[in-house]
>>> print(open('protein.csv').read())   # CSV, C-alpha atoms
chain,number,residue,atom,x,y,z
M,1088,MET,CA,101.4,90.0,85.6
M,1089,ALA,CA,102.8,92.6,83.1
M,1090,ARG,CA,102.1,96.3,83.5
M,1091,ALA,CA,101.4,99.0,80.9
M,1092,PHE,CA,102.5,102.7,80.8
M,1093,LEU,CA,101.0,105.1,78.2
M,1094,ILE,CA,103.0,108.4,78.2
M,1095,VAL,CA,101.7,111.3,76.2
M,1096,MET,CA,104.2,114.0,75.3
M,1097,ASP,CA,101.6,116.7,74.8
M,1098,SER,CA,101.7,118.2,71.3
M,1099,VAL,CA,104.8,116.3,70.1
M,1100,GLY,CA,103.5,115.5,66.6
M,1101,CYS,CA,105.5,114.3,63.6
M,1102,GLY,CA,103.7,115.8,60.6
M,1103,GLY,CA,102.1,114.0,57.7
M,1104,ALA,CA,98.4,114.0,58.7
M,1105,PRO,CA,96.6,113.2,55.5
M,1106,ASP,CA,93.9,115.9,56.3
M,1107,ALA,CA,96.2,118.6,57.5
M,1108,ALA,CA,95.2,121.0,54.7
M,1109,ALA,CA,91.6,120.8,55.8
M,1110,PHE,CA,92.7,122.3,59.2
M,1111,GLY,CA,95.0,124.9,57.6
M,1112,ASP,CA,98.1,123.0,58.8
M,1113,GLU,CA,99.7,121.6,55.7
M,1114,GLY,CA,103.4,121.5,56.2
M,1115,SER,CA,103.3,121.5,60.0
M,1116,ASN,CA,105.7,119.0,61.6
M,1117,THR,CA,106.5,119.6,65.3
M,1118,LEU,CA,109.4,117.3,65.7
M,1119,GLY,CA,110.7,117.5,62.1
M,1120,ASN,CA,110.7,121.3,62.0
M,1121,ILE,CA,112.2,121.7,65.4
M,1122,ALA,CA,115.0,119.3,64.4
M,1123,ARG,CA,115.6,121.4,61.2
M,1124,ALA,CA,115.6,124.6,63.2
M,1125,CYS,CA,118.2,123.2,65.6
M,1126,ALA,CA,120.4,121.9,62.8
M,1127,GLU,CA,120.3,125.3,61.1
M,1128,GLY,CA,121.3,127.2,64.3
M,1129,ARG,CA,117.8,128.8,64.9
M,1130,ALA,CA,117.3,127.3,68.4
M,1131,GLU,CA,120.4,128.4,70.3
M,1132,GLN,CA,118.8,129.9,73.4
M,1133,GLY,CA,119.8,127.7,76.4
M,1134,ARG,CA,121.0,124.9,74.2
M,1135,SER,CA,123.1,124.5,71.0
M,1136,GLY,CA,123.5,122.4,67.9
M,1137,PRO,CA,121.4,119.6,66.4
M,1138,LEU,CA,118.5,118.2,68.4
M,1139,GLN,CA,119.8,115.6,70.9
M,1140,MET,CA,117.3,112.8,71.7
M,1141,PRO,CA,119.4,109.7,71.6
M,1142,ASN,CA,117.3,107.5,73.8
M,1143,LEU,CA,114.0,107.9,72.0
M,1144,ASP,CA,115.8,108.0,68.7
M,1145,ARG,CA,117.4,104.6,69.4
M,1146,LEU,CA,113.9,103.3,70.1
M,1147,GLY,CA,112.7,104.6,66.7
M,1148,LEU,CA,111.7,108.3,67.1
M,1149,GLY,CA,113.5,109.5,64.0
M,1150,ALA,CA,112.2,106.6,62.0
M,1151,ALA,CA,108.7,107.4,63.1
M,1152,VAL,CA,109.0,111.0,61.9
M,1153,ARG,CA,110.4,109.8,58.5
M,1154,LEU,CA,107.5,107.3,58.2
M,1155,ALA,CA,104.9,109.9,59.1
M,1156,SER,CA,106.1,112.8,57.0
M,1157,GLY,CA,109.0,111.7,54.8
M,1158,GLY,CA,112.5,113.2,54.5
M,1159,ALA,CA,115.5,113.1,56.7
M,1160,VAL,CA,115.3,114.4,60.3
M,1161,PRO,CA,118.5,116.2,61.3
M,1162,GLY,CA,119.9,114.7,64.6
M,1163,LEU,CA,117.4,111.8,64.6
M,1164,GLY,CA,118.8,109.1,62.5
M,1165,ALA,CA,119.6,106.0,64.6
M,1166,GLU,CA,118.8,102.5,63.5
M,1167,PRO,CA,115.6,101.8,65.5
M,1168,MET,CA,115.7,99.1,68.2
M,1169,GLY,CA,112.3,99.5,69.8
M,1170,LEU,CA,108.6,99.3,68.8
M,1171,TRP,CA,108.1,102.2,66.4
M,1172,GLY,CA,105.5,103.7,64.1
M,1173,ALA,CA,103.2,106.6,63.7
M,1174,ALA,CA,99.4,107.0,64.3
M,1175,THR,CA,96.7,108.9,62.4
M,1176,GLU,CA,93.7,110.5,64.2
M,1177,VAL,CA,90.1,110.3,62.8
M,1178,SER,CA,88.3,112.5,65.4
M,1179,PRO,CA,87.2,115.9,63.9
M,1180,GLY,CA,89.6,118.0,66.0
M,1181,LYS,CA,93.2,118.7,67.0
M,1182,ASP,CA,92.7,119.3,70.7
M,1183,THR,CA,93.5,117.5,73.9
M,1184,PRO,CA,90.3,115.6,74.6
M,1185,SER,CA,90.0,114.3,71.0
M,1186,GLY,CA,93.6,113.0,71.0
M,1187,HIS,CA,93.6,111.4,74.4
M,1188,TRP,CA,90.1,109.8,74.1
M,1189,GLU,CA,91.0,108.3,70.8
M,1190,LEU,CA,94.3,107.0,72.1
M,1191,ALA,CA,92.2,105.4,74.9
M,1192,GLY,CA,90.0,103.7,72.3
M,1193,VAL,CA,87.1,106.2,71.9
M,1194,PRO,CA,87.1,108.6,68.8
M,1195,VAL,CA,84.9,111.7,69.3
M,1196,PRO,CA,81.5,110.8,67.8
M,1197,TRP,CA,80.4,114.5,67.3
M,1198,ASP,CA,81.6,117.7,65.8
M,1199,TRP,CA,83.0,120.1,68.5
M,1200,ALA,CA,81.5,123.6,68.6
M,1201,TYR,CA,83.9,126.6,68.3
M,1202,PHE,CA,83.6,130.3,68.9
M,1203,PRO,CA,84.1,132.6,65.9
M,1204,ASP,CA,87.4,134.4,65.5
M,1205,GLN,CA,85.9,137.9,66.0
M,1206,THR,CA,85.4,140.4,68.8
M,1207,PRO,CA,83.2,139.8,70.7
M,1208,ALA,CA,83.6,136.1,70.3
M,1209,PHE,CA,80.9,135.0,72.8
M,1210,PRO,CA,77.1,135.2,72.6
M,1211,ASP,CA,75.4,137.6,74.9
M,1212,ASP,CA,73.6,134.9,76.9
M,1213,LEU,CA,76.9,133.2,77.7
M,1214,VAL,CA,78.5,136.5,78.8
M,1215,GLN,CA,75.4,137.0,81.0
M,1216,ALA,CA,75.8,133.6,82.5
M,1217,VAL,CA,79.5,134.2,83.4
M,1218,CYS,CA,78.6,137.6,85.0
M,1219,ARG,CA,75.8,136.0,87.0
M,1220,LEU,CA,77.9,133.1,88.2
M,1221,ALA,CA,80.9,135.3,89.0
M,1222,GLY,CA,78.8,138.1,90.6
M,1223,VAL,CA,80.3,140.8,88.3
M,1224,GLU,CA,79.0,143.3,85.8
M,1225,GLY,CA,81.1,142.4,82.8
M,1226,ILE,CA,84.0,140.4,81.4
M,1227,LEU,CA,87.3,141.3,79.8
M,1228,GLY,CA,88.8,139.8,76.6
M,1229,ASN,CA,85.9,138.1,74.8
M,1230,CYS,CA,88.0,137.2,71.9
M,1231,HIS,CA,90.5,134.7,70.5
M,1232,ALA,CA,93.8,135.1,72.2
M,1233,SER,CA,96.9,133.5,73.6
M,1234,GLY,CA,97.0,133.3,77.4
M,1235,VAL,CA,100.1,135.4,78.3
M,1236,PRO,CA,99.4,138.3,76.0
M,1237,ILE,CA,95.7,138.7,77.0
M,1238,ILE,CA,96.6,138.6,80.7
M,1239,ALA,CA,99.2,141.3,80.1
M,1240,LYS,CA,96.7,143.4,78.1
M,1241,HIS,CA,93.9,143.2,80.7
M,1242,CYS,CA,95.7,142.6,84.0
M,1243,ALA,CA,95.4,146.1,85.4
M,1244,GLU,CA,91.7,146.4,84.5
M,1245,HIS,CA,91.1,142.9,85.9
M,1246,LEU,CA,92.6,143.9,89.3
M,1247,ARG,CA,90.7,147.2,89.3
M,1248,THR,CA,87.2,145.8,88.4
M,1249,GLY,CA,87.4,142.2,89.4
M,1250,TRP,CA,86.0,141.2,86.0
M,1251,PRO,CA,87.4,137.8,84.8
M,1252,ILE,CA,89.5,137.6,81.6
M,1253,CYS,CA,87.6,135.3,79.2
M,1254,TYR,CA,89.1,134.1,75.9
M,1255,THR,CA,89.1,131.2,73.5
M,1256,SER,CA,91.2,129.8,70.6
M,1257,ALA,CA,90.9,127.6,67.5
M,1258,ASP,CA,90.2,124.7,69.9
M,1259,SER,CA,86.8,124.0,71.5
M,1260,VAL,CA,87.6,125.8,74.7
M,1261,PHE,CA,86.4,128.6,77.0
M,1262,GLN,CA,89.3,129.9,79.1
M,1263,ILE,CA,89.1,132.2,82.2
M,1264,ALA,CA,92.1,133.9,83.6
M,1265,ALA,CA,92.0,135.5,87.0
M,1266,HIS,CA,94.4,136.6,89.8
M,1267,GLU,CA,94.7,133.9,92.5
M,1268,GLU,CA,94.7,136.5,95.3
M,1269,SER,CA,92.6,139.4,94.2
M,1270,PHE,CA,89.9,137.3,92.4
M,1271,GLY,CA,90.5,134.1,94.4
M,1272,LEU,CA,91.5,130.7,93.3
M,1273,ASP,CA,88.6,128.9,94.9
M,1274,ARG,CA,86.2,131.4,93.3
M,1275,LEU,CA,87.8,130.9,89.9
M,1276,LEU,CA,87.5,127.1,90.1
M,1277,LYS,CA,83.9,127.3,91.2
M,1278,LEU,CA,83.1,129.7,88.4
M,1279,CYS,CA,84.6,127.3,85.9
M,1280,ALA,CA,82.9,124.3,87.4
M,1281,ASP,CA,79.5,126.0,87.4
M,1282,LEU,CA,79.9,127.2,83.9
M,1283,ALA,CA,81.1,123.9,82.5
M,1284,PRO,CA,77.7,122.2,82.1
M,1285,ILE,CA,76.4,125.2,80.1
M,1286,LEU,CA,79.4,125.0,77.7
M,1287,HIS,CA,79.4,121.2,77.5
M,1288,ALA,CA,75.7,121.2,76.5
M,1289,ARG,CA,76.8,123.4,73.5
M,1290,LYS,CA,79.6,120.8,72.7
M,1291,ILE,CA,82.4,123.2,73.8
M,1292,GLY,CA,85.0,120.6,75.0
M,1293,ARG,CA,86.6,122.3,77.9
M,1294,VAL,CA,86.3,125.2,80.4
M,1295,ILE,CA,89.8,126.0,81.6
M,1296,ALA,CA,90.7,127.9,84.7
M,1297,ARG,CA,93.9,129.9,84.1
M,1298,PRO,CA,95.0,131.4,87.5
M,1299,PHE,CA,97.9,133.8,87.7
M,1300,SER,CA,99.7,135.6,90.5
M,1301,GLY,CA,102.1,138.5,90.9
M,1302,THR,CA,102.0,142.1,89.7
M,1303,CYS,CA,100.9,143.1,86.2
M,1304,GLU,CA,104.5,143.9,85.4
M,1305,ASP,CA,105.8,140.5,86.6
M,1306,PHE,CA,102.8,138.0,86.6
M,1307,LYS,CA,103.2,134.3,86.4
M,1308,ARG,CA,100.5,131.7,85.4
M,1309,THR,CA,100.5,129.2,88.3
M,1310,SER,CA,100.4,125.5,88.4
M,1311,ASN,CA,96.8,125.5,89.7
M,1312,ARG,CA,95.3,125.4,86.2
M,1313,LYS,CA,92.3,123.0,86.0
M,1314,ASP,CA,90.4,121.7,82.9
M,1315,PHE,CA,86.7,121.0,83.2
M,1316,ALA,CA,86.2,118.7,80.2
M,1317,ILE,CA,83.2,116.9,78.8
M,1318,ALA,CA,83.2,113.3,80.0
M,1319,PRO,CA,84.2,110.7,77.4
M,1320,PRO,CA,81.1,109.5,75.5
M,1321,SER,CA,81.8,105.8,76.3
M,1322,PRO,CA,84.1,103.7,78.4
M,1323,THR,CA,87.8,104.1,77.6
M,1324,LEU,CA,90.9,102.0,78.2
M,1325,LEU,CA,91.0,103.3,81.7
M,1326,ASP,CA,87.5,102.0,82.3
M,1327,TRP,CA,88.3,98.7,80.7
M,1328,ALA,CA,91.2,98.2,83.1
M,1329,LYS,CA,89.5,99.5,86.2
M,1330,ASP,CA,86.4,97.4,85.5
M,1331,ALA,CA,88.6,94.3,85.3
M,1332,GLY,CA,89.9,95.0,88.8
M,1333,ARG,CA,93.2,96.6,87.7
M,1334,ALA,CA,94.9,99.6,89.4
M,1335,THR,CA,94.8,102.7,87.1
M,1336,HIS,CA,97.2,105.6,87.7
M,1337,ALA,CA,96.8,109.0,86.1
M,1338,ILE,CA,99.7,111.4,86.1
M,1339,GLY,CA,99.2,115.1,85.3
M,1340,LYS,CA,96.1,116.4,83.7
M,1341,ILE,CA,94.8,112.9,82.7
M,1342,GLY,CA,92.3,113.1,85.5
M,1343,ASP,CA,90.8,116.4,84.1
M,1344,ILE,CA,90.8,115.1,80.5
M,1345,PHE,CA,88.8,111.9,81.5
M,1346,SER,CA,86.7,113.6,84.2
M,1347,MET,CA,88.3,111.0,86.6
M,1348,GLN,CA,86.4,108.2,84.9
M,1349,GLY,CA,88.3,104.9,85.2
M,1350,ILE,CA,91.0,106.3,87.5
M,1351,THR,CA,91.9,104.8,90.9
M,1352,ALA,CA,94.8,107.1,91.8
M,1353,LEU,CA,95.7,110.6,90.6
M,1354,HIS,CA,99.3,112.0,90.8
M,1355,LYS,CA,99.7,115.7,90.2
M,1356,GLY,CA,102.6,118.1,90.3
M,1357,LYS,CA,103.6,121.7,89.7
M,1358,SER,CA,105.8,121.0,86.7
M,1359,ASP,CA,106.7,118.3,84.2
M,1360,ALA,CA,109.8,117.6,86.4
M,1361,ASP,CA,107.5,116.8,89.3
M,1362,LEU,CA,105.4,114.5,87.0
M,1363,PHE,CA,108.5,112.7,85.8
M,1364,GLU,CA,109.3,111.8,89.4
M,1365,HIS,CA,105.8,110.3,89.7
M,1366,LEU,CA,106.5,108.3,86.6
M,1367,VAL,CA,109.8,107.0,87.9
M,1368,ARG,CA,108.2,106.1,91.3
M,1369,LEU,CA,105.3,104.3,89.6
M,1370,GLY,CA,107.7,102.5,87.3
M,1371,GLY,CA,109.2,101.0,90.5
M,1372,LYS,CA,106.0,100.5,92.5
M,1373,ALA,CA,102.9,100.3,90.3
M,1374,GLU,CA,101.0,97.1,90.9
M,1375,ALA,CA,101.2,94.0,88.7
M,1376,GLY,CA,98.7,94.3,85.8
M,1377,SER,CA,98.2,98.0,86.3
M,1378,LEU,CA,97.8,100.8,83.8
M,1379,THR,CA,99.7,104.1,84.2
M,1380,PHE,CA,98.5,106.9,81.9
M,1381,ALA,CA,100.7,110.1,82.0
M,1382,ASN,CA,100.5,113.5,80.3
M,1383,PHE,CA,103.5,115.9,80.1
M,1384,VAL,CA,101.9,119.2,79.2
M,1385,GLU,CA,104.7,121.7,79.2
M,1386,PHE,CA,105.8,121.0,75.6
M,1387,ASP,CA,102.4,122.4,74.6
M,1388,THR,CA,101.7,125.1,77.1
M,1389,LEU,CA,105.1,126.6,77.7
M,1390,TYR,CA,106.7,126.2,74.2
M,1391,GLY,CA,104.2,125.2,71.5
M,1392,HIS,CA,101.6,127.9,71.9
M,1393,PRO,CA,104.2,130.7,72.6
M,1394,ARG,CA,106.1,129.5,69.5
M,1395,ASP,CA,109.3,129.1,71.4
M,1396,VAL,CA,111.4,126.8,69.2
M,1397,ALA,CA,114.5,126.7,71.4
M,1398,GLY,CA,112.4,126.2,74.6
M,1399,TYR,CA,110.6,123.3,72.9
M,1400,ALA,CA,113.9,121.8,71.9
M,1401,ARG,CA,115.2,122.2,75.4
M,1402,ALA,CA,112.1,120.4,76.8
M,1403,LEU,CA,112.5,117.5,74.4
M,1404,GLU,CA,116.2,117.1,75.2
M,1405,TRP,CA,115.4,117.2,79.0
M,1406,PHE,CA,112.7,114.6,78.7
M,1407,ASP,CA,114.9,112.3,76.6
M,1408,ALA,CA,117.8,112.7,79.1
M,1409,GLN,CA,115.5,111.6,82.0
M,1410,LEU,CA,114.2,108.6,80.1
M,1411,PRO,CA,116.8,106.0,81.2
M,1412,ARG,CA,115.8,106.6,84.8
M,1413,PHE,CA,112.3,105.4,84.0
M,1414,LEU,CA,113.2,102.6,81.6
M,1415,ALA,CA,115.5,101.2,84.3
M,1416,THR,CA,112.4,100.6,86.6
M,1417,LEU,CA,110.5,98.5,84.1
M,1418,GLY,CA,110.4,94.7,84.7
M,1419,HIS,CA,110.3,91.7,82.3
M,1420,GLY,CA,107.1,91.8,80.3
M,1421,ASP,CA,106.2,95.5,81.0
M,1422,LEU,CA,105.4,97.8,78.0
M,1423,ALA,CA,105.8,101.6,77.8
M,1424,ILE,CA,104.3,103.5,74.9
M,1425,PHE,CA,105.4,107.1,74.2
M,1426,THR,CA,103.1,109.1,71.9
M,1427,ALA,CA,101.4,112.4,71.5
M,1428,ASP,CA,97.8,113.7,71.2
M,1429,HIS,CA,98.3,116.3,68.4
M,1430,GLY,CA,100.9,118.7,67.1
M,1431,ASN,CA,101.8,122.3,68.1
M,1432,ASP,CA,104.6,123.2,65.7
M,1433,PRO,CA,106.4,126.2,67.1
M,1434,THR,CA,107.8,127.1,63.6
M,1435,PHE,CA,104.2,127.3,62.2
M,1436,PRO,CA,102.2,130.5,61.8
M,1437,GLY,CA,99.7,131.3,64.6
M,1438,THR,CA,99.6,130.0,68.2
M,1439,GLU,CA,97.3,127.0,67.9
M,1440,HIS,CA,97.6,123.2,67.8
M,1441,THR,CA,98.5,121.7,64.4
M,1442,ARG,CA,96.9,118.6,62.8
M,1443,GLU,CA,99.6,116.0,62.6
M,1444,ARG,CA,100.3,112.3,62.9
M,1445,VAL,CA,102.0,111.3,66.2
M,1446,PRO,CA,104.9,109.0,66.9
M,1447,VAL,CA,104.2,105.7,68.6
M,1448,ILE,CA,107.4,104.5,70.3
M,1449,GLY,CA,107.5,101.4,72.6
M,1450,TYR,CA,109.9,99.9,75.0
M,1451,GLY,CA,109.5,96.3,76.3
M,1452,ARG,CA,107.2,93.9,74.6
M,1453,GLY,CA,106.9,93.8,70.8
M,1454,MET,CA,110.1,95.6,69.8
M,1455,LYS,CA,109.5,95.9,66.1
M,1456,PRO,CA,108.3,98.4,63.4
M,1457,ILE,CA,104.5,98.7,63.3
M,1458,GLY,CA,104.0,101.1,60.4
M,1459,LEU,CA,101.1,103.5,60.2
M,1460,VAL,CA,98.4,102.7,62.7
M,1461,ALA,CA,95.3,104.3,64.1
M,1462,PHE,CA,95.1,106.2,67.4
M,1463,THR,CA,92.6,103.5,68.6
M,1464,ASP,CA,95.2,100.8,67.9
M,1465,VAL,CA,97.2,102.1,70.8
M,1466,ALA,CA,94.3,101.3,73.2
M,1467,ALA,CA,93.7,97.9,71.6
M,1468,SER,CA,97.4,97.1,71.9
M,1469,LEU,CA,97.7,98.0,75.6
M,1470,ALA,CA,94.4,96.1,76.3
M,1471,ALA,CA,95.9,93.1,74.6
M,1472,HIS,CA,99.1,93.5,76.6
M,1473,LEU,CA,97.1,93.6,79.8
M,1474,ASP,CA,94.9,90.7,78.8
M,1475,LEU,CA,91.8,92.9,78.9
M,1476,PRO,CA,88.7,92.7,76.7
M,1477,THR,CA,88.9,95.1,73.8
M,1478,HIS,CA,86.2,97.5,72.5
M,1479,GLY,CA,85.7,99.6,69.5
M,1480,SER,CA,87.6,99.7,66.2
M,1481,GLY,CA,91.2,99.4,67.3
M,1482,VAL,CA,93.5,96.5,66.3
M,1483,SER,CA,96.5,95.4,68.4
M,1484,PHE,CA,99.8,96.0,66.7
M,1485,LEU,CA,101.7,93.7,69.2
>>> encode(input="protein.csv", output="structure tokens")
Amino acid sequence: MARAFLIVMDSVGCGGAPDAAAFGDEGSNTLGNIARACAEGRAEQGRSGPLQMPNLDRLGLGAAVRLASGGAVPGLGAEPMGLWGAATEVSPGKDTPSGHWELAGVPVPWDWAYFPDQTPAFPDDLVQAVCRLAGVEGILGNCHASGVPIIAKHCAEHLRTGWPICYTSADSVFQIAAHEESFGLDRLLKLCADLAPILHARKIGRVIARPFSGTCEDFKRTSNRKDFAIAPPSPTLLDWAKDAGRATHAIGKIGDIFSMQGITALHKGKSDADLFEHLVRLGGKAEAGSLTFANFVEFDTLYGHPRDVAGYARALEWFDAQLPRFLATLGHGDLAIFTADHGNDPTFPGTEHTRERVPVIGYGRGMKPIGLVAFTDVAASLAAHLDLPTHGSGVSFL
């Protein structure tokens, strides 16, 4: 029985979203703009020259970017040999849960709530709830911010007072940064878990624990991040597979995004390199008829939000260079789909996600162009491949 692998390269969008202007993101194109920066010599730190992604490009990555947003893509011009196209999102957001749920067949049926871009950003009753649950007299931050700068700004006061650093962004999130030793990792995770139902009731999508360690002069955000997300509003592709008796494997933060619904085995790691080893191992050992759903987050967290173009390019080239190891594990009839959940163009102003179409690149069954499709078509196609009943609006492109 054939297997399916759905691999999300977090934030690796390809521009061209028809509603990008409504999100203030017109002109964003994560892959296209990185490729242009590389070709123009603007991404030379730790790498050099045009963007090199020959494996995904041969499958159709460059063709997918051209389809989504038009124009040549420097370094990505191979004649496509795989399944290739681009997908358009309908959910009213450009964040992680929206993209992943819709790829799994469930568009978000509500409008997310967001915090205003002002200081203070949070209402008094929410601040009081954080203080009560944390056993502190106040919080730090209380604004829109990027993670590393706000930790740097408030680290010393955090260590002195024990007050958590709370911040948000253009996404529907409430983030809490705290020192793993002085504040305590277990205490931070419990605080976020206790706070999550309060935020979820307000349609804030995620409460995110952002632990860090080290001194204020040399701190590091650790791999113990945890997202406490609203559960999907209806059964997803993972549930469809599990309910049919299939094994479902989640790699990376998929377990957090789907609140462990429909997941039989979770595989975590400290880095994307660790997660790729899980992917290779499951390529060789995952059960017949199984679904493996993976998220590679470092494109987004380490390079997209900090607007590190060269770092993003290095990560893309690393991932592509590893790809043959995984593809070699696939058997006859297996299908692997590589896609993304949104964009995070490191050449674009600001530090937030960008509203973009995403590439849909496949290896295995159905090696053909599929054109412009919907996010939900990915779920419908994988369900058809696994011979599962389909739900919702998606249509198989196989």
>>> closest_residue(input="protein.csv", among="M:Leu1246, M:Ala1373, M:Ile1448, M:Leu1389", to="Gly1169 (chain M)", atoms="all atoms listed in the file")
M:Ile1448
>>> closest_residue(input="protein.csv", among="M:Ala1402, M:Met1088, M:Ala1216, M:Ile1094", to="Pro1284 (chain M)", atoms="all atoms listed in the file")
M:Ala1216
>>> atom_distance(input="protein.csv", atom1="CA of Leu1473 (chain M)", atom2="CA of Ala1328 (chain M)")
8.2 Å
>>> atom_distance(input="protein.csv", atom1="CA of Gly1111 (chain M)", atom2="CA of Gly1164 (chain M)")
29.0 Å
>>> residues_around(input="protein.csv", residues="His1478 (chain M)", least_positions_apart="5", cutoff="10 Å", atoms="all atoms listed in the file", output="compact mmCIF listing (two decimals) with C-alpha atoms, keeping the file's coordinate frame")
# COMPACT_ATOMS: atom_id res chain seq x y z
CA GLY M 1192 90.00 103.70 72.30
CA VAL M 1193 87.10 106.20 71.90
CA PRO M 1322 84.10 103.70 78.40
CA THR M 1323 87.80 104.10 77.60
CA LEU M 1324 90.90 102.00 78.20
CA TRP M 1327 88.30 98.70 80.70
CA THR M 1463 92.60 103.50 68.60
CA ALA M 1466 94.30 101.30 73.20
CA ALA M 1467 93.70 97.90 71.60
CA ALA M 1470 94.40 96.10 76.30
>>> closest_residue(input="protein.csv", among="M:Ser1259, M:Thr1335, M:Thr1117, M:Gln1205", to="His1392 (chain M)", atoms="all atoms listed in the file")
M:Thr1117
>>> closest_residue(input="protein.csv", among="M:His1187, M:Arg1442, M:Arg1219, M:Lys1455", to="Ala1381 (chain M)", atoms="all atoms listed in the file")
M:His1187
>>> atom_distance(input="protein.csv", atom1="CA of Ala1122 (chain M)", atom2="CA of Val1160 (chain M)")
6.4 Å
>>> closest_residue(input="protein.csv", among="M:Asp1361, M:Asp1144, M:Asp1387, M:Asp1326", to="Asp1407 (chain M)", atoms="all atoms listed in the file")
M:Asp1144
>>> closest_residue(input="protein.csv", among="M:Glu1131, M:Asp1212, M:Asp1314, M:Asp1432", to="Met1347 (chain M)", atoms="only C-alpha atoms")
M:Asp1314
>>> residues_near_point(input="protein.csv", point="(102.0, 107.6, 75.7)", cutoff="10 Å", atoms="all atoms listed in the file", output="compact mmCIF listing (two decimals) with C-alpha atoms, in the coordinates of the input")
# COMPACT_ATOMS: atom_id res chain seq x y z
CA PHE M 1092 102.50 102.70 80.80
CA LEU M 1093 101.00 105.10 78.20
CA ILE M 1094 103.00 108.40 78.20
CA VAL M 1095 101.70 111.30 76.20
CA MET M 1096 104.20 114.00 75.30
CA ASP M 1097 101.60 116.70 74.80
CA HIS M 1187 93.60 111.40 74.40
CA LEU M 1190 94.30 107.00 72.10
CA THR M 1379 99.70 104.10 84.20
CA PHE M 1380 98.50 106.90 81.90
CA ALA M 1381 100.70 110.10 82.00
CA ASN M 1382 100.50 113.50 80.30
CA PHE M 1383 103.50 115.90 80.10
CA ALA M 1423 105.80 101.60 77.80
CA ILE M 1424 104.30 103.50 74.90
CA PHE M 1425 105.40 107.10 74.20
CA THR M 1426 103.10 109.10 71.90
CA ALA M 1427 101.40 112.40 71.50
CA ASP M 1428 97.80 113.70 71.20
CA PRO M 1446 104.90 109.00 66.90
CA VAL M 1447 104.20 105.70 68.60
CA ILE M 1448 107.40 104.50 70.30
CA GLY M 1449 107.50 101.40 72.60
CA VAL M 1465 97.20 102.10 70.80
>>> residues_near_point(input="protein.csv", point="(104.9, 133.9, 70.1)", cutoff="9 Å", atoms="all atoms listed in the file", output="list of chain:residue names")
M:Ser1233, M:Tyr1390, M:Gly1391, M:His1392, M:Pro1393, M:Arg1394, M:Asp1395, M:Pro1433, M:Gly1437, M:Thr1438
>>> residues_around(input="protein.csv", residues="Phe1261 (chain M)", least_positions_apart="3", cutoff="7 Å", atoms="only C-alpha atoms", output="list in words")
Tyr1254, Thr1255, Arg1293, Val1294 and Ile1295 of chain M
>>> write_last_selection(input="protein.csv", atoms="C-alpha atoms", output="PDB file, in the frame of the given file")
ATOM      1  CA  TYR M1254      89.100 134.100  75.900  1.00  0.00           C
ATOM      2  CA  THR M1255      89.100 131.200  73.500  1.00  0.00           C
ATOM      3  CA  ARG M1293      86.600 122.300  77.900  1.00  0.00           C
ATOM      4  CA  VAL M1294      86.300 125.200  80.400  1.00  0.00           C
ATOM      5  CA  ILE M1295      89.800 126.000  81.600  1.00  0.00           C
TER       6      ILE M1295
END
>>> residues_around(input="protein.csv", residues="Asp1359 (chain M)", least_positions_apart="3", cutoff="8 Å", atoms="all atoms listed in the file", output="ChimeraX atom specification")
/M:1356,1362-1363,1383-1385
>>> write_last_selection(input="protein.csv", atoms="C-alpha atoms", output="PDB file, keeping the file's coordinate frame")
ATOM      1  CA  GLY M1356     102.600 118.100  90.300  1.00  0.00           C
ATOM      2  CA  LEU M1362     105.400 114.500  87.000  1.00  0.00           C
ATOM      3  CA  PHE M1363     108.500 112.700  85.800  1.00  0.00           C
ATOM      4  CA  PHE M1383     103.500 115.900  80.100  1.00  0.00           C
ATOM      5  CA  VAL M1384     101.900 119.200  79.200  1.00  0.00           C
ATOM      6  CA  GLU M1385     104.700 121.700  79.200  1.00  0.00           C
TER       7      GLU M1385
END
>>> residues_around(input="protein.csv", residues="Phe1202 (chain M)", least_positions_apart="5", cutoff="10 Å", atoms="only C-alpha atoms", output="ChimeraX atom specification")
/M:1207-1210,1230-1231,1254-1261,1291
>>> decode(input="protein.csv", residues="region 1171-1183 of chain M", atoms="C-alpha atoms", output="PDB file, in the first residue's frame")
ATOM      1  CA  TRP M1171       4.504  21.039  -9.934  1.00  0.00           C
ATOM      2  CA  GLY M1172       2.160  23.964  -9.433  1.00  0.00           C
ATOM      3  CA  ALA M1173       1.278  26.645  -6.903  1.00  0.00           C
ATOM      4  CA  ALA M1174      -1.489  26.919  -4.310  1.00  0.00           C
ATOM      5  CA  THR M1175      -3.630  29.858  -3.198  1.00  0.00           C
ATOM      6  CA  GLU M1176      -4.963  30.226   0.347  1.00  0.00           C
ATOM      7  CA  VAL M1177      -8.488  31.411   1.212  1.00  0.00           C
ATOM      8  CA  SER M1178      -8.288  31.519   5.027  1.00  0.00           C
ATOM      9  CA  PRO M1179      -8.265  35.074   6.431  1.00  0.00           C
ATOM     10  CA  GLY M1180      -4.714  35.033   7.723  1.00  0.00           C
ATOM     11  CA  LYS M1181      -1.082  34.497   6.857  1.00  0.00           C
ATOM     12  CA  ASP M1182      -0.017  32.495   9.860  1.00  0.00           C
ATOM     13  CA  THR M1183       1.015  28.958  10.716  1.00  0.00           C
TER      14      THR M1183
END
